[in-house]
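Q: I'd like to ask you about the structure that follows.
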Amino acid sequence: MEKNEKVKKEDEEKKLSIEDIPGVGEATAEKLRENGLDDVMAIATASPKDVSDLTGIGEGAIAKIISAARKIADIGNFETGEEIFQKRKDVLRLTTGSQNLNNLLGGGLETQSITEFFGEFGSGKTQIMHQLAVNCTMPEEKGGFNSDVLIIDTENTFRPERIIQMSKYRELDSDEVLRRIHVARAYNSHHQILLGEKAGEMAKEYKAKLLIVDSLTSHFRSEYMGRGSLSERQQLLNRHMHDLLRFGTLQNAVIAVTNQVAARPDVFFGDPTAPIGGNIVGHTATFRIYLRKGKAGKRIARLIDSPYLPEGEAVIQVSEDGIIDGT
Ligand code: GTP
Ligand code: MG
């Protein structure tokens, strides 16, 4: 409670409007807002080309605006280790529903980071996303954030029926839980990117502390097939992931994304268990969890490449009640 109030107060103190950026008049402000660029930090951290493409304003003029936004937004400064440590203290952890998996992650999914779950079809990625959504609405003392949730659903796999089952098991009011989950269907990768940008705007309304993208890579994978389009795909994915990370940092929110492995019967080269998106996704996601199937609904979660946690495994169980410990 105390912490939330502190964050809120800091937000209010820092509140600058985009008209405060030197060079941004009424007409420019309107164009920026129409395209979801309605806060100084979002503009300060955007690329001139992206903003120019979105708004139709020339790249030179936009570069000046971005540079002015950077000055007033107070970014681009080096921070001391002490300051970073202070920010780290604001990091919250969201329970996964399984104590085993929480322990593997040092207590749960961290805010201000992206956590990626990858694995083959049916490995439980979507089930875990449903469980995280339910958990996020739970009170802090139960490992939740008592907050709303945003879900970008690219495969049309969100099922309210599952939310109801999981809520009942946790003795939550399922109607209330459903009311706090906001789902947007993304029809293609471009739409997905726009929704990622829009999430910041939505958070002002809902104070969501969890943003889910399920699946992060499916549209990109199907739309950019040949080797020739690989670099374009990677660039777009990179930009999308940075939008997500920015949301996580600004809102002190958890970002959870799913990714399939590249195993396909028609692919005979490369590592069949390699996640899609390769280095771009790997470098931007702070925590990567590889899921593989075990017997009778069991799933083995393996933590890979964590910045400070030891590698290890946890056994979880996918059940009608949701995600629980496996044995
Ligand atoms: P893709 O999106 O296809 O890559 O797979 P995914 O990793 O998202 O798999 P998902 O989370 O959809 O897992 C599906 C599996 O979860 C099913 O094969 C079932 O084993 C299990 N599952 C889903 N719903 C239930 C349920 O209500 N009860 C039980 N016991 N298991 C369920
Ligand atoms: Mg899925």
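Ordering of the structure tokens sets the chain letters (A, B, ...); residue numbers start at 1 within each chain; ligands are numbered from 1 in the order shown.
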Write out as a PDB file with C-alpha atoms, in the first residue's frame each polymer residue whose atoms come within 8 Å of region 82-90 of chain A, counting only C-alpha atoms; drop sequence neighbours fewer than 2 positions from it.
A:
```pdb
ATOM      1  CA  LYS A   3       4.801   1.607  -1.849  1.00  0.00           C
ATOM      2  CA  GLU A  79      22.875   6.249 -12.699  1.00  0.00           C
ATOM      3  CA  THR A  80      24.969   5.197  -9.750  1.00  0.00           C
ATOM      4  CA  LEU A  92       7.665  -6.828  -7.053  1.00  0.00           C
ATOM      5  CA  ASN A 252       6.593  -1.413 -12.543  1.00  0.00           C
TER       6      ASN A 252
END
```
Q: Using only C-alpha atoms and all ligand atoms, find each residue in chain A having at least one atom no more than 9 Å away from ligand 2; report its shortest atom-to-atom pair and that distance in Å (one decimal), rows by chain then rising number, as a tab-separated table.
A:
```
residue	atom	partner	partner_atom_place_in_ligand_line	distance
A:Phe121	CA	ligand 2	1 (Mg)	6.9
A:Gly122	CA	ligand 2	1 (Mg)	6.9
A:Ser123	CA	ligand 2	1 (Mg)	8.2
A:Gly124	CA	ligand 2	1 (Mg)	7.0
A:Lys125	CA	ligand 2	1 (Mg)	5.5
A:Thr126	CA	ligand 2	1 (Mg)	4.1
A:Gln127	CA	ligand 2	1 (Mg)	7.4
A:Met129	CA	ligand 2	1 (Mg)	8.7
A:Glu155	CA	ligand 2	1 (Mg)	7.3
A:Asn156	CA	ligand 2	1 (Mg)	9.0
A:Thr157	CA	ligand 2	1 (Mg)	6.4
A:Phe158	CA	ligand 2	1 (Mg)	8.8
A:Asp214	CA	ligand 2	1 (Mg)	6.7
A:Ser215	CA	ligand 2	1 (Mg)	6.8
A:Thr258	CA	ligand 2	1 (Mg)	7.6
A:Asn259	CA	ligand 2	1 (Mg)	8.6
A:Gln260	CA	ligand 2	1 (Mg)	8.5
```
Q: For Arg246 (chain A), work out the shell of residues within 9 Å, counting only C-alpha atoms and skipping chain neighbours fewer than 5 positions away, then give it as number ranges by chain.
A: A: 42, 45, 112, 200, 241, 251
Q: What is the distance, in Å and to one decimal place, between CA of Gly108 (chain A) and CA of Ala186 (chain A)?
A: 27.3 Å
Q: Hey, which of A:Val183, A:Ile21, A:Leu237, A:Leu104 ends up closest to Ile304 (chain A)? Count only C-alpha atoms.
A: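 With only C-alpha atoms as the atom set, the closest residue is A:Leu104.
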Q: Using the chain letters and numbers from this document, which residues of region 267-325 of chain A does DSSP assign to strand (DSSP E or B), as a ChimeraX atom specification?
A: /A:275,287-293,298-304,312-319,322-325
Q: What's around Arg179 (chain A) at 9 Å? Count only C-alpha atoms, leave out sequence neighbours fewer than 4 positions away in its own chain, and write the answer as a short mmCIF file (atom, residue, chain, number, x, y, z; two decimals) with N, CA, C and O atoms, in the first residue's frame.
A:
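Written out: part_34.cif:
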```
data_model
loop_
_atom_site.label_atom_id
_atom_site.label_comp_id
_atom_site.auth_asym_id
_atom_site.auth_seq_id
_atom_site.Cartn_x
_atom_site.Cartn_y
_atom_site.Cartn_z
N ASP A 148 -5.28 -4.90 -12.34
CA ASP A 148 -5.83 -5.36 -13.61
C ASP A 148 -4.72 -5.98 -14.47
O ASP A 148 -3.53 -5.85 -14.15
N SER A 174 -15.06 -15.02 -9.45
CA SER A 174 -14.64 -15.13 -10.84
C SER A 174 -15.16 -13.99 -11.72
O SER A 174 -14.50 -13.59 -12.68
N ASP A 175 -16.33 -13.45 -11.39
CA ASP A 175 -16.85 -12.30 -12.17
C ASP A 175 -15.91 -11.11 -12.03
O ASP A 175 -15.61 -10.42 -13.00
#
```
Q: Measuring atom to atom with only C-alpha atoms and all ligand atoms, identify which of A:Gln99, A:Ser189, A:Thr217, A:Thr249 is nearest to ligand 1.
A: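 Ranked by minimum distance to ligand 1, first place goes to A:Thr217.
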Q: Within 8 Å of region 25-41 of chain A, counting only C-alpha atoms, which residues qualify if same-chain residues fewer than 4 places away don't, as a list in words?
A: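 The filter keeps Leu16, Ser17, Ile18, Glu19, Ile21, Thr45, Leu54, Thr55, Ala69, Arg70, Ala73, Glu197, Lys198 and Glu201 of chain A.
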Q: Can you tell me how far CA of Ile43 (chain A) sits from CA of Ile66 (chain A), in Å to one decimal?
A: 6.0 Å
Q: Any chance you could list, as a ChimeraX atom specification, the residues in region 49-254 of chain A that come up alpha helix (DSSP H) when DSSP is run on the backbone?
A: /A:49-55,59-73,81-88,99-104,125-136,160-169,174-179,189-206,218-223,230-251
Q: Name all residues at most 8 Å from Gln234 (chain A) (count only C-alpha atoms; drop same-chain ones fewer than 3 positions away) and give them as number ranges by chain.
A: A: 230-231, 237-238, 277, 280
Q: Export N, CA and C atoms of the chosen residues as a PDB file, in the first residue's frame?
A:
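Done, and the output landed in result-v4.pdb:
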```pdb
ATOM      1  N   LEU A 230      14.156 -12.011 -42.978  1.00  0.00           N
ATOM      2  CA  LEU A 230      14.529 -12.264 -41.589  1.00  0.00           C
ATOM      3  C   LEU A 230      14.973 -11.002 -40.850  1.00  0.00           C
ATOM      4  N   SER A 231      15.757 -10.157 -41.525  1.00  0.00           N
ATOM      5  CA  SER A 231      16.276  -9.004 -40.794  1.00  0.00           C
ATOM      6  C   SER A 231      15.153  -8.011 -40.499  1.00  0.00           C
ATOM      7  N   LEU A 237      10.527  -7.165 -34.320  1.00  0.00           N
ATOM      8  CA  LEU A 237      10.408  -7.857 -33.032  1.00  0.00           C
ATOM      9  C   LEU A 237      11.181  -7.111 -31.947  1.00  0.00           C
ATOM     10  N   ASN A 238      12.342  -6.642 -32.327  1.00  0.00           N
ATOM     11  CA  ASN A 238      13.194  -5.895 -31.404  1.00  0.00           C
ATOM     12  C   ASN A 238      12.472  -4.653 -30.895  1.00  0.00           C
ATOM     13  N   GLY A 277      12.776 -16.434 -33.010  1.00  0.00           N
ATOM     14  CA  GLY A 277      13.193 -15.060 -32.740  1.00  0.00           C
ATOM     15  C   GLY A 277      14.642 -14.946 -32.348  1.00  0.00           C
ATOM     16  N   ILE A 280      17.380 -11.835 -30.785  1.00  0.00           N
ATOM     17  CA  ILE A 280      16.641 -10.636 -30.428  1.00  0.00           C
ATOM     18  C   ILE A 280      15.777 -10.901 -29.202  1.00  0.00           C
TER      19      ILE A 280
END
```
Q: With distances taken over only C-alpha atoms, which of A:Arg170, A:Arg233, A:His182, A:His240 is nearest to Glu205 (chain A)?
A: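 Counting only C-alpha atoms, the residue closest to Glu205 (chain A) is A:His182.
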Q: Please provide as a VMD selection string all residues within 7 Å of Arg299 (chain A), with the sequence filter that same-chain residues fewer than 3 positions apart are discarded (counting only C-alpha atoms).
A: chain A and resid 123 291 to 294 315 to 317
